[in-house]
Amino acid sequence: MAMTATADRAHADPHHIGVVIEHPGPAPKRIVTAYGFWVFLLSDIVMFSCFFAAYAVLADQTAGGPKGSEIFDQRNVAIETVCLLLSSFTCGMASIAADVRNRFWFYLGMAVTCVLGLIFLAIEFREFADLVARGYGPSRSAFLTSFFSLVGCHGLHVSAGVLWLLTMMAQVFAKGFRADVLRRMMCFALFWHALDIVWVGVFSVVYLLGSGT
Amino acid sequence: MLGKLDWSAIPFDQPIPLIAGAVVLVGILAVLAWVVVKGHLPYLWHEWITSVDHKRIGVMYILLASVMLLRGGSDAIMMRIQQAVAYQSQGYLPPEHYNQIFSAHGTIMIFFVAMPFVIGLMNLIVPLQLGVRDVAFPTLNSVGFWLTATGALLVNLSLVIGEFARTGWLAFPPLSELSYSPGVGVDYYAWSLQISGVGTLVAGINLVTTVLKLRTKGMNYLRMPMFCWTTLASNLLIVAAFPILTATLAMLLLDRYLGFHFFTNEAGGNVMMFMNLIWAWGHPEVYILVLPAFGIFSEVVSTFSGKALFGYRSMVLATMAICVISFMVWLHHFFTMGAGPDVNAIFGIASMIIAIPTGVKIYNWLFTMYGGRIRFATPMLWSIGFMVTFIIGGLTGVLVAVPPADFMLHNSMFLVAHFHNVIIGGVLFGAFAGFEYWFPKAFGFRLDERWGKLAFWFTFFGFYVTFIPLYVAGMLGMTRRMQHYDVAAWRPWMLVAAVGMAVLTIGVICQIMQIVVSIRNREALRDRTGDPWDGRSLEWATSSPPPVFNFAFNPDVRGEDAYWDMKAHAKQQSHEHDAPEYHDIEMPRNSPTGFVCAFFATIMGFALIWHIWWMVVLGGIGAFATFVVFAWRDHDEYVIPAEEVAAIDRVNLAERRDLVSMAGTV
């Protein structure tokens with residue numbers, strides 16, 4: 001008797017306004033993979049936000065060392081930004097090429113993305129090496145600590161992205177546009193675009209705000 | 001060649017860790033030898049170590065947690081004995097050893113007992129409750145488990161090679177900075193948490209995706225069992241909070257390894273930033289642990305009261321409210337920092353507000369029991385014990401949420417008593433309730449009720465005898481983490497607490513006896529129906545243990561308490577299915593990726609701790625190569641033919657026929 005009451009209550013559904021949309025069942029693999037990777041990217045952005053927060057807290061703690069405006073080179077940063085934004089475009093082209101199974105444009109798009117990523121990394125590495133050579137390494141002051149960590153964390157992500165990019169190219173070369181390879185390609189593209197968004201944050205918070213004062 | 005590692009790392013002069021380490025080593029070698037000699041190795045490798053089955057991984061998580069519970073428990077026993085004897089004397093543990101023990105105790109109990117226990121239960125049960133065949137990312141699931149195991153291994157390695165942190169379980173700077181902790185203890189702590197933290201994050205992403213994207217037909221959000229809701233909330237918190245821990249420990253490691261200045265006293269570093277960051281993870285962590293326990297209690301109370309959960313929607317709302325508010329209270333861990341009355345007041349009020357949704361839950365459980373036909377089986381005892389204990393812990397929590405009171409009680413034994421009150425009374429009781437409740441599902445036989453009840457009563461009373469005295473000692477001004485003391489008024493309470501610890505230990509022994517006795521009598525305790533408790537949700541709709549594919553068909557859900565409805569309908573129509581048409585089922589292949597990856601992570605972690613740089617590179621290359629090899633595989637699934645599915649499912653249905661005719665009469 002108690003059971004019948006339960007069953008009735010479940011169907012009565014008093015708080016819905018007439019319609020109950022039945023859940024259709026488990027999502028297809030492509031959706032699940034991309035969704036999971038989105039969740040990972042969100043967690044990655046939370047990690048970046050900690051480094052942003054640390055930078056905000058420590059930006060004025062120069063301990064007698066240089067301030068941001070004394071060490072930032074606007075021209076370099078502009079080139080870096082152009083490289084990274086362009087690489088997002090070429091990465092998008094590679095994704096489209098993968099979707100239409102066009103190997104030539106896929107390789108071309110990925111290769112250009114890779115080169116742009118490497119240029120970005122080279123400029124960043126030179127900036128870091130130059131600062132260290134001038135005695136402005138990360139152990140000079142808390143400001144430089146947070147600067148090197150935030151920008152370096154993004155740089156490490158880009159390096160990992162380049163490694164992933166090359167692995168993707170090798171995968172397409174060896175396995176072709178298989179369903180699982182395409183899913184990974186989608187995740188890679190999401191990753192690369194997310195790094196761009198983080199860079200926009202780094203560019204604004206570190207370089208633009210830092211150069212002003 | 002070997003970095004900082006040399007023979008001085010082995011504590012030849014300290015008998016306790018050396019003997020403990022030797023005993024553990026002999027134990028491990030004996031088990032290994034037994035496995036090899038008996039020829040179980042291939043079975044272990046193919047069926048467990050490389051398994052990507054969520055049920056097997058869940059069981060391994062719980063096994064890891066149980067073993068580590070014994071380790072963390074030994075630390076607790078040593079501390080209680082030390083404080084009982086170290087009145088106006090040095091006791092038997094020198095300060096540097098005592099400091100390592102309380103640090104290891106906290107680290108192990110939170111990260112390697114509570115976390116793997118609840119993650120194991122979620123892994124085991126949530127896909128079954130959602131009516132699906134696996135989690136979203138089965139191989140990643142295995143990677144996550146083995147990385148957690150790596151972290152546990154590194155922490156235990158510190159017992160005999162080098163030392164563990166002496167800084168407390170959260171390694172506050174500047175004490176944890178290189179200038180004050182030059183040894184490898186903090187590095188052991190930080191790297192094992194970094195590695196197991198990656199494992200936890202992976203598990204979190206996996207379970208969030210599973211709940212949000214893999215639900216069977218008709219399993220709308222508001223039809224999910226409560227445990228799935230709390231799993232969702234808990235794993236959302238993991239995804240949002242664990243990256244903060246990773247970032248914070250990374251900063252501490254940069255300070256220690258490369259001379260950075262995040263948290264140092266020099267060059268503008270900011271110690272209080274560490275407090276803010278670590279507790280921005282640390283407070284949500286508390287709810288990551290206790291929310292799944294709330295879910296378990298919801299399932300248990302509803303099942304053993306024979307009623308649908310009272311106020312299901314308010315329970316969902318309360319869960320999600322806790323999920324959000326838990327991120328807005330972190331500052332109550334350091335009211336004494338001096339953030340000023342306004343800030344303290346805001347965080348104090350936020351901390352009290354979080355008691356409201358928790359109160360809603362308590363009342364819902366009480367009203368679920370009200371008018372129900374309650375069966376006092378062991379899981380239900382743990383649940384009722386929880387309600388009483390957790391209310392006391394919650395009340396003392398609201399007390400320390402008042403900033404002026406907190407200024408008196410900060411870092412006192414009162415605080416120690418409070419958080420043990422909520423973590424043991426909430427998380428551990430919940431884990432035990434879930435263990436007793438779902439054990440038959442995992443292994444196909446029930447646990448012995450007599451030993452189970454003994455274990456409950458000893459643990460329950462042992463808990464009170466141990467921790468109520470700590471409240472009193474805290475009120476008398478005793479601070480935490482004291483290696484010795486000279487105040488006569490504290491002494492009796494420490495002696496009572498030591499007695500309580502002995503009672504708790506008997507509880508643990510009963511728990512072990514329960515498992516041993518149950519395995520011996522497993523034929524008598526066998527559950528052939530798959531539904532030993534007259535359950536309400538879908539995990540009981542399949543056999544025990546479930547087949548690798550969980551369900552022959554994706555169940556079609558039409559309301560809350562899906563399986564209860566099915567039973568009701570089947571009874572009305574007096575049969576469950578007309579001979580159904582079976583199909584082939586594709587399942588993910590097992591893969592050693594997780595194990596191999598963890599092997600390289602262990603090498604890398606150990607090398608980082610001891611500054612053996614070539615080995616770090618080796619471990620890194622190995623881990624990357626593992627992923628590439630995994631990515632190169634051509635067959636990631638295998639097919640279970642329809643005939644086999646049919647054969648397995650028919651057995652299950654036949655066993656269940658009798659049960660259905662009995663349903664609702666228990």
# chains A, B, ... in the order shown; residues from 1 in each chain; ligands from 1
$ interface_residues --of "chain B" --to "chain A" --cutoff "6 Å" --atoms "only C-alpha atoms" --output "compact mmCIF listing (two decimals) with C-alpha atoms, in the first residue's frame"
# COMPACT_ATOMS: atom_id res chain seq x y z
CA THR B 209 30.91 14.39 -16.31
CA LYS B 213 26.20 13.52 -19.12
CA LEU B 214 25.71 9.80 -18.48
CA ARG B 215 22.29 9.13 -17.03
CA THR B 216 19.97 6.43 -18.18
CA LYS B 217 16.73 7.13 -20.01
CA GLY B 218 14.30 9.16 -17.92
CA MET B 219 16.83 9.84 -15.16
CA ASN B 220 16.01 13.53 -14.96
CA VAL B 239 37.08 20.60 -9.65
CA ALA B 240 36.87 24.11 -8.23
CA PRO B 243 43.49 23.40 -8.46
CA ILE B 244 43.90 25.94 -5.63
CA ALA B 247 48.76 26.14 -7.18
CA GLY B 259 64.39 30.58 -4.08
CA PHE B 260 61.13 32.30 -4.99
CA HIS B 261 59.48 34.67 -2.52
CA ALA B 267 61.85 40.31 -0.23
CA GLY B 268 58.15 41.08 0.15
CA GLY B 269 56.75 37.56 0.46
CA GLY B 559 10.19 8.70 -11.17
CA GLU B 560 12.12 9.05 -7.95
CA ASP B 565 8.68 1.81 -8.63
$ residues_around --residues "Pro138 (chain B)" --least-positions-apart "5" --cutoff "10 Å" --atoms "only C-alpha atoms" --output "list in words"
Ser51, Val52, Asp53, His54, Ile57, Val143, Gly144, Asn206, Met587, Pro588, Arg589, Asn590 and Ser591 of chain B
$ closest_residue --among "B:Ser326, B:Ser298, B:Asn364, B:Asn99" --to "Gln483 (chain B)" --atoms "only C-alpha atoms"
B:Asn99
$ residues_around --residues "Ala647 (chain B)" --least-positions-apart "3" --cutoff "12 Å" --atoms "only C-alpha atoms" --output "PDB file with N, CA and C atoms, in the first residue's frame"
ATOM      1  N   PRO B 547      27.282  -7.736 -13.055  1.00  0.00           N
ATOM      2  CA  PRO B 547      28.127  -8.125 -14.185  1.00  0.00           C
ATOM      3  C   PRO B 547      28.949  -6.925 -14.643  1.00  0.00           C
ATOM      4  N   ALA B 552      21.876  -5.252 -18.337  1.00  0.00           N
ATOM      5  CA  ALA B 552      21.691  -5.801 -19.673  1.00  0.00           C
ATOM      6  C   ALA B 552      21.010  -4.772 -20.567  1.00  0.00           C
ATOM      7  N   PRO B 580      12.900 -10.509 -22.949  1.00  0.00           N
ATOM      8  CA  PRO B 580      13.428  -9.354 -23.680  1.00  0.00           C
ATOM      9  C   PRO B 580      14.426  -9.775 -24.765  1.00  0.00           C
ATOM     10  N   GLU B 581      14.641  -8.878 -25.716  1.00  0.00           N
ATOM     11  CA  GLU B 581      15.596  -9.165 -26.778  1.00  0.00           C
ATOM     12  C   GLU B 581      16.951  -8.555 -26.397  1.00  0.00           C
ATOM     13  N   TYR B 582      17.989  -9.400 -26.296  1.00  0.00           N
ATOM     14  CA  TYR B 582      19.295  -8.914 -25.843  1.00  0.00           C
ATOM     15  C   TYR B 582      20.161  -8.465 -27.008  1.00  0.00           C
ATOM     16  N   HIS B 583      21.068  -7.543 -26.731  1.00  0.00           N
ATOM     17  CA  HIS B 583      21.981  -7.048 -27.764  1.00  0.00           C
ATOM     18  C   HIS B 583      23.420  -7.205 -27.292  1.00  0.00           C
ATOM     19  N   ILE B 640      30.787  -7.993 -25.697  1.00  0.00           N
ATOM     20  CA  ILE B 640      30.197  -9.139 -24.992  1.00  0.00           C
ATOM     21  C   ILE B 640      28.981  -9.560 -25.818  1.00  0.00           C
ATOM     22  N   PRO B 641      29.004 -10.793 -26.370  1.00  0.00           N
ATOM     23  CA  PRO B 641      27.918 -11.184 -27.269  1.00  0.00           C
ATOM     24  C   PRO B 641      26.574 -11.274 -26.558  1.00  0.00           C
ATOM     25  N   ALA B 642      25.520 -11.089 -27.333  1.00  0.00           N
ATOM     26  CA  ALA B 642      24.163 -11.025 -26.779  1.00  0.00           C
ATOM     27  C   ALA B 642      23.808 -12.289 -25.993  1.00  0.00           C
ATOM     28  N   GLU B 643      24.277 -13.465 -26.479  1.00  0.00           N
ATOM     29  CA  GLU B 643      23.909 -14.711 -25.781  1.00  0.00           C
ATOM     30  C   GLU B 643      24.449 -14.696 -24.363  1.00  0.00           C
ATOM     31  N   GLU B 644      25.710 -14.192 -24.220  1.00  0.00           N
ATOM     32  CA  GLU B 644      26.312 -14.174 -22.901  1.00  0.00           C
ATOM     33  C   GLU B 644      25.555 -13.216 -21.984  1.00  0.00           C
ATOM     34  N   ARG B 650      19.405 -13.654 -17.329  1.00  0.00           N
ATOM     35  CA  ARG B 650      18.304 -14.569 -16.982  1.00  0.00           C
ATOM     36  C   ARG B 650      18.473 -15.104 -15.574  1.00  0.00           C
ATOM     37  N   VAL B 651      19.727 -15.385 -15.204  1.00  0.00           N
ATOM     38  CA  VAL B 651      19.974 -15.865 -13.839  1.00  0.00           C
ATOM     39  C   VAL B 651      19.501 -14.809 -12.841  1.00  0.00           C
ATOM     40  N   ASN B 652      19.885 -13.569 -13.107  1.00  0.00           N
ATOM     41  CA  ASN B 652      19.524 -12.469 -12.221  1.00  0.00           C
ATOM     42  C   ASN B 652      18.006 -12.339 -12.115  1.00  0.00           C
ATOM     43  N   LEU B 653      17.318 -12.383 -13.246  1.00  0.00           N
ATOM     44  CA  LEU B 653      15.866 -12.211 -13.243  1.00  0.00           C
ATOM     45  C   LEU B 653      15.170 -13.347 -12.487  1.00  0.00           C
ATOM     46  N   ALA B 654      15.697 -14.587 -12.669  1.00  0.00           N
ATOM     47  CA  ALA B 654      15.077 -15.727 -12.000  1.00  0.00           C
ATOM     48  C   ALA B 654      15.181 -15.582 -10.490  1.00  0.00           C
TER      49      ALA B 654
END
$ closest_residue --among "B:Asp486, B:Asp342, B:Glu163, B:Asp534" --to "Ser305 (chain B)" --atoms "only C-alpha atoms"
B:Asp534
$ closest_residue --among "B:Trp229, B:Tyr87, B:Phe435, B:Phe390" --to "Gly120 (chain B)" --atoms "only C-alpha atoms"
B:Phe435
$ residues_around --residues "region 447-455 of chain B" --least-positions-apart "6" --cutoff "12 Å" --atoms "only C-alpha atoms" --output "PyMOL selection string"
chain B and resi 376-382+385+429+432-433+435-441+461-463+503-527+532
$ write_last_selection --atoms "N, CA and C atoms" --output "tab-separated table (two decimals), in the first residue's frame"
chain	number	residue	atom	x	y	z
B	376	PHE	N	16.80	-1.71	12.37
B	376	PHE	CA	18.07	-1.24	12.94
B	376	PHE	C	19.23	-2.14	12.52
B	377	ALA	N	19.47	-2.21	11.24
B	377	ALA	CA	20.64	-2.92	10.74
B	377	ALA	C	21.87	-2.03	10.94
B	378	THR	N	23.06	-2.62	10.77
B	378	THR	CA	24.29	-1.87	11.06
B	378	THR	C	24.37	-0.53	10.32
B	379	PRO	N	24.08	-0.45	9.02
B	379	PRO	CA	24.19	0.85	8.36
B	379	PRO	C	23.29	1.89	9.01
B	380	MET	N	22.12	1.45	9.47
B	380	MET	CA	21.19	2.38	10.10
B	380	MET	C	21.74	2.84	11.45
B	381	LEU	N	22.41	1.93	12.18
B	381	LEU	CA	23.01	2.34	13.46
B	381	LEU	C	24.04	3.44	13.23
B	382	TRP	N	24.91	3.25	12.21
B	382	TRP	CA	25.90	4.28	11.92
B	382	TRP	C	25.20	5.59	11.59
B	385	GLY	N	23.81	7.10	14.82
B	385	GLY	CA	24.97	7.56	15.58
B	385	GLY	C	25.53	8.84	15.00
B	429	PHE	N	31.76	7.90	10.00
B	429	PHE	CA	30.52	7.14	10.22
B	429	PHE	C	29.81	6.93	8.89
B	432	PHE	N	31.58	4.25	6.93
B	432	PHE	CA	31.28	2.93	7.48
B	432	PHE	C	29.85	2.51	7.13
B	433	ALA	N	28.91	3.47	7.23
B	433	ALA	CA	27.53	3.15	6.86
B	433	ALA	C	27.48	2.69	5.40
B	435	PHE	N	29.91	1.49	3.64
B	435	PHE	CA	30.65	0.23	3.52
B	435	PHE	C	29.73	-0.94	3.86
B	436	GLU	N	29.02	-0.83	5.00
B	436	GLU	CA	28.13	-1.92	5.43
B	436	GLU	C	26.96	-2.08	4.45
B	437	TYR	N	26.47	-0.94	3.97
B	437	TYR	CA	25.28	-0.92	3.13
B	437	TYR	C	25.56	-1.51	1.74
B	438	TRP	N	26.70	-1.15	1.17
B	438	TRP	CA	26.97	-1.53	-0.22
B	438	TRP	C	27.92	-2.71	-0.36
B	439	PHE	N	28.44	-3.19	0.78
B	439	PHE	CA	29.33	-4.35	0.69
B	439	PHE	C	28.67	-5.53	-0.04
B	440	PRO	N	27.40	-5.88	0.29
B	440	PRO	CA	26.77	-7.00	-0.42
B	440	PRO	C	26.69	-6.74	-1.92
B	441	LYS	N	26.51	-5.49	-2.32
B	441	LYS	CA	26.44	-5.17	-3.75
B	441	LYS	C	27.79	-5.46	-4.41
B	461	PHE	N	30.98	4.79	21.37
B	461	PHE	CA	31.33	5.21	22.73
B	461	PHE	C	32.81	5.59	22.81
B	462	GLY	N	33.65	4.84	22.12
B	462	GLY	CA	35.08	5.18	22.11
B	462	GLY	C	35.30	6.60	21.63
B	463	PHE	N	34.51	6.99	20.63
B	463	PHE	CA	34.65	8.36	20.12
B	463	PHE	C	34.36	9.38	21.22
B	503	VAL	N	39.23	2.09	23.57
B	503	VAL	CA	37.90	1.61	23.18
B	503	VAL	C	37.73	1.72	21.66
B	504	LEU	N	38.16	2.84	21.10
B	504	LEU	CA	38.11	3.02	19.65
B	504	LEU	C	38.88	1.91	18.94
B	505	THR	N	40.04	1.56	19.51
B	505	THR	CA	40.86	0.51	18.90
B	505	THR	C	40.11	-0.82	18.88
B	506	ILE	N	39.38	-1.10	19.99
B	506	ILE	CA	38.57	-2.33	20.01
B	506	ILE	C	37.54	-2.27	18.89
B	507	GLY	N	36.97	-1.07	18.68
B	507	GLY	CA	36.01	-0.90	17.57
B	507	GLY	C	36.62	-1.28	16.25
B	508	VAL	N	37.85	-0.82	16.01
B	508	VAL	CA	38.53	-1.14	14.74
B	508	VAL	C	38.77	-2.64	14.63
B	509	ILE	N	39.17	-3.26	15.77
B	509	ILE	CA	39.41	-4.72	15.75
B	509	ILE	C	38.11	-5.46	15.41
B	510	CYS	N	36.99	-5.00	16.01
B	510	CYS	CA	35.69	-5.61	15.69
B	510	CYS	C	35.40	-5.49	14.19
B	511	GLN	N	35.74	-4.33	13.64
B	511	GLN	CA	35.51	-4.09	12.21
B	511	GLN	C	36.29	-5.11	11.38
B	512	ILE	N	37.54	-5.34	11.78
B	512	ILE	CA	38.37	-6.30	11.05
B	512	ILE	C	37.80	-7.71	11.23
B	513	MET	N	37.41	-8.03	12.49
B	513	MET	CA	36.82	-9.33	12.77
B	513	MET	C	35.58	-9.55	11.92
B	514	GLN	N	34.79	-8.47	11.78
B	514	GLN	CA	33.56	-8.57	11.00
B	514	GLN	C	33.87	-9.03	9.58
B	515	ILE	N	34.92	-8.44	8.99
B	515	ILE	CA	35.26	-8.79	7.61
B	515	ILE	C	35.74	-10.23	7.56
B	516	VAL	N	36.61	-10.60	8.52
B	516	VAL	CA	37.16	-11.96	8.51
B	516	VAL	C	36.03	-12.99	8.66
B	517	VAL	N	35.18	-12.76	9.69
B	517	VAL	CA	34.09	-13.70	9.95
B	517	VAL	C	33.15	-13.79	8.75
B	518	SER	N	32.86	-12.64	8.14
B	518	SER	CA	31.92	-12.62	7.02
B	518	SER	C	32.49	-13.38	5.83
B	519	ILE	N	33.79	-13.22	5.58
B	519	ILE	CA	34.38	-13.94	4.45
B	519	ILE	C	34.32	-15.44	4.72
B	520	ARG	N	34.57	-15.83	5.95
B	520	ARG	CA	34.49	-17.25	6.30
B	520	ARG	C	33.09	-17.81	6.10
B	521	ASN	N	32.10	-17.04	6.54
B	521	ASN	CA	30.71	-17.53	6.46
B	521	ASN	C	30.01	-17.05	5.20
B	522	ARG	N	30.78	-16.76	4.15
B	522	ARG	CA	30.17	-16.09	3.01
B	522	ARG	C	29.06	-16.90	2.36
B	523	GLU	N	29.14	-18.22	2.44
B	523	GLU	CA	28.07	-19.01	1.81
B	523	GLU	C	26.75	-18.81	2.55
B	524	ALA	N	26.85	-18.75	3.89
B	524	ALA	CA	25.63	-18.55	4.68
B	524	ALA	C	25.09	-17.14	4.49
B	525	LEU	N	26.00	-16.19	4.22
B	525	LEU	CA	25.58	-14.78	4.11
B	525	LEU	C	25.29	-14.39	2.67
B	526	ARG	N	25.42	-15.34	1.75
B	526	ARG	CA	25.26	-15.07	0.32
B	526	ARG	C	23.94	-14.38	0.01
B	527	ASP	N	23.98	-13.37	-0.85
B	527	ASP	CA	22.77	-12.70	-1.30
B	527	ASP	C	22.60	-12.98	-2.79
B	532	PRO	N	19.49	-7.12	-1.10
B	532	PRO	CA	19.37	-7.67	0.24
B	532	PRO	C	18.62	-6.77	1.22
$ residues_around --residues "region 275-290 of chain B" --least-positions-apart "5" --cutoff "6 Å" --atoms "only C-alpha atoms" --output "PyMOL selection string"
chain B and resi 234+241+244-245+326-327+330+427
$ atom_distance --atom1 "CA of Leu154 (chain B)" --atom2 "CA of Phe606 (chain B)"
7.2 Å
$ select_by_dssp --residues "region 507-596 of chain B" --states "strand (DSSP E or B)" --output "list in words"
Arg526, Ile585, Glu586, Met587 and Pro588 of chain B
$ atom_distance --atom1 "CA of Met93 (chain A)" --atom2 "CA of Ala78 (chain A)"
22.8 Å
$ atom_distance --atom1 "CA of Leu130 (chain B)" --atom2 "CA of Met387 (chain B)"
26.9 Å
$ residues_around --residues "Ile353 (chain B)" --least-positions-apart "3" --cutoff "10 Å" --atoms "only C-alpha atoms" --output "list in words"
Ile322, Ile325, Val329, Phe347, Gly348, Ile349, Ala350, Ile356, Pro357, Thr358 and Val398 of chain B
$ write_last_selection --atoms "C-alpha atoms" --output "short mmCIF file (atom, residue, chain, number, x, y, z; two decimals), in the first residue's frame"
data_model
loop_
_atom_site.label_atom_id
_atom_site.label_comp_id
_atom_site.auth_asym_id
_atom_site.auth_seq_id
_atom_site.Cartn_x
_atom_site.Cartn_y
_atom_site.Cartn_z
CA ILE B 322 26.24 24.01 0.95
CA ILE B 325 28.41 28.67 0.61
CA VAL B 329 33.70 30.83 4.74
CA PHE B 347 32.84 35.35 7.51
CA GLY B 348 31.47 34.50 10.95
CA ILE B 349 27.91 35.05 9.73
CA ALA B 350 28.56 33.09 6.53
CA ILE B 356 21.00 26.18 8.06
CA PRO B 357 21.06 23.85 5.03
CA THR B 358 22.78 21.29 7.22
CA VAL B 398 28.74 27.33 15.24
#
$ residues_around --residues "Ser87 (chain A)" --least-positions-apart "4" --cutoff "10 Å" --atoms "only C-alpha atoms" --output "number ranges by chain"
A: 81-83, 91-93, 109-117, 120, 192-193, 196
$ write_last_selection --atoms "N, CA and C atoms" --output "short mmCIF file (atom, residue, chain, number, x, y, z; two decimals), in the first residue's frame"
data_model
loop_
_atom_site.label_atom_id
_atom_site.label_comp_id
_atom_site.auth_asym_id
_atom_site.auth_seq_id
_atom_site.Cartn_x
_atom_site.Cartn_y
_atom_site.Cartn_z
N THR A 81 51.53 38.68 -28.45
CA THR A 81 50.07 38.63 -28.49
C THR A 81 49.58 38.33 -29.89
N VAL A 82 50.16 39.00 -30.89
CA VAL A 82 49.76 38.77 -32.28
C VAL A 82 49.99 37.30 -32.63
N CYS A 83 51.15 36.78 -32.26
CA CYS A 83 51.46 35.37 -32.56
C CYS A 83 50.40 34.45 -31.99
N CYS A 91 44.75 27.40 -35.67
CA CYS A 91 44.30 26.19 -34.99
C CYS A 91 42.85 25.89 -35.36
N GLY A 92 42.05 26.98 -35.43
CA GLY A 92 40.66 26.82 -35.87
C GLY A 92 40.59 26.26 -37.28
N MET A 93 41.47 26.77 -38.18
CA MET A 93 41.49 26.27 -39.56
C MET A 93 41.83 24.77 -39.56
N GLY A 109 47.67 23.90 -41.23
CA GLY A 109 47.15 24.68 -40.10
C GLY A 109 47.91 24.38 -38.81
N MET A 110 48.14 23.10 -38.57
CA MET A 110 48.84 22.71 -37.35
C MET A 110 50.29 23.18 -37.38
N ALA A 111 50.93 23.07 -38.53
CA ALA A 111 52.34 23.49 -38.63
C ALA A 111 52.47 24.98 -38.34
N VAL A 112 51.57 25.78 -38.95
CA VAL A 112 51.64 27.23 -38.71
C VAL A 112 51.36 27.52 -37.24
N THR A 113 50.38 26.82 -36.67
CA THR A 113 50.08 26.99 -35.24
C THR A 113 51.33 26.70 -34.40
N CYS A 114 52.00 25.62 -34.76
CA CYS A 114 53.20 25.22 -34.03
C CYS A 114 54.28 26.29 -34.12
N VAL A 115 54.50 26.78 -35.34
CA VAL A 115 55.56 27.78 -35.53
C VAL A 115 55.23 29.04 -34.74
N LEU A 116 53.96 29.46 -34.79
CA LEU A 116 53.57 30.67 -34.04
C LEU A 116 53.75 30.45 -32.54
N GLY A 117 53.39 29.26 -32.08
CA GLY A 117 53.58 28.93 -30.67
C GLY A 117 55.05 28.98 -30.29
N PHE A 120 56.28 32.52 -30.06
CA PHE A 120 55.83 33.07 -28.79
C PHE A 120 56.75 32.61 -27.65
N TRP A 192 44.03 24.95 -26.68
CA TRP A 192 44.79 26.03 -27.29
C TRP A 192 44.04 27.35 -27.19
N HIS A 193 42.72 27.31 -27.45
CA HIS A 193 41.93 28.55 -27.35
C HIS A 193 41.88 29.04 -25.91
N ASP A 196 44.79 31.01 -25.04
CA ASP A 196 44.66 32.35 -25.60
C ASP A 196 43.91 33.27 -24.67
#
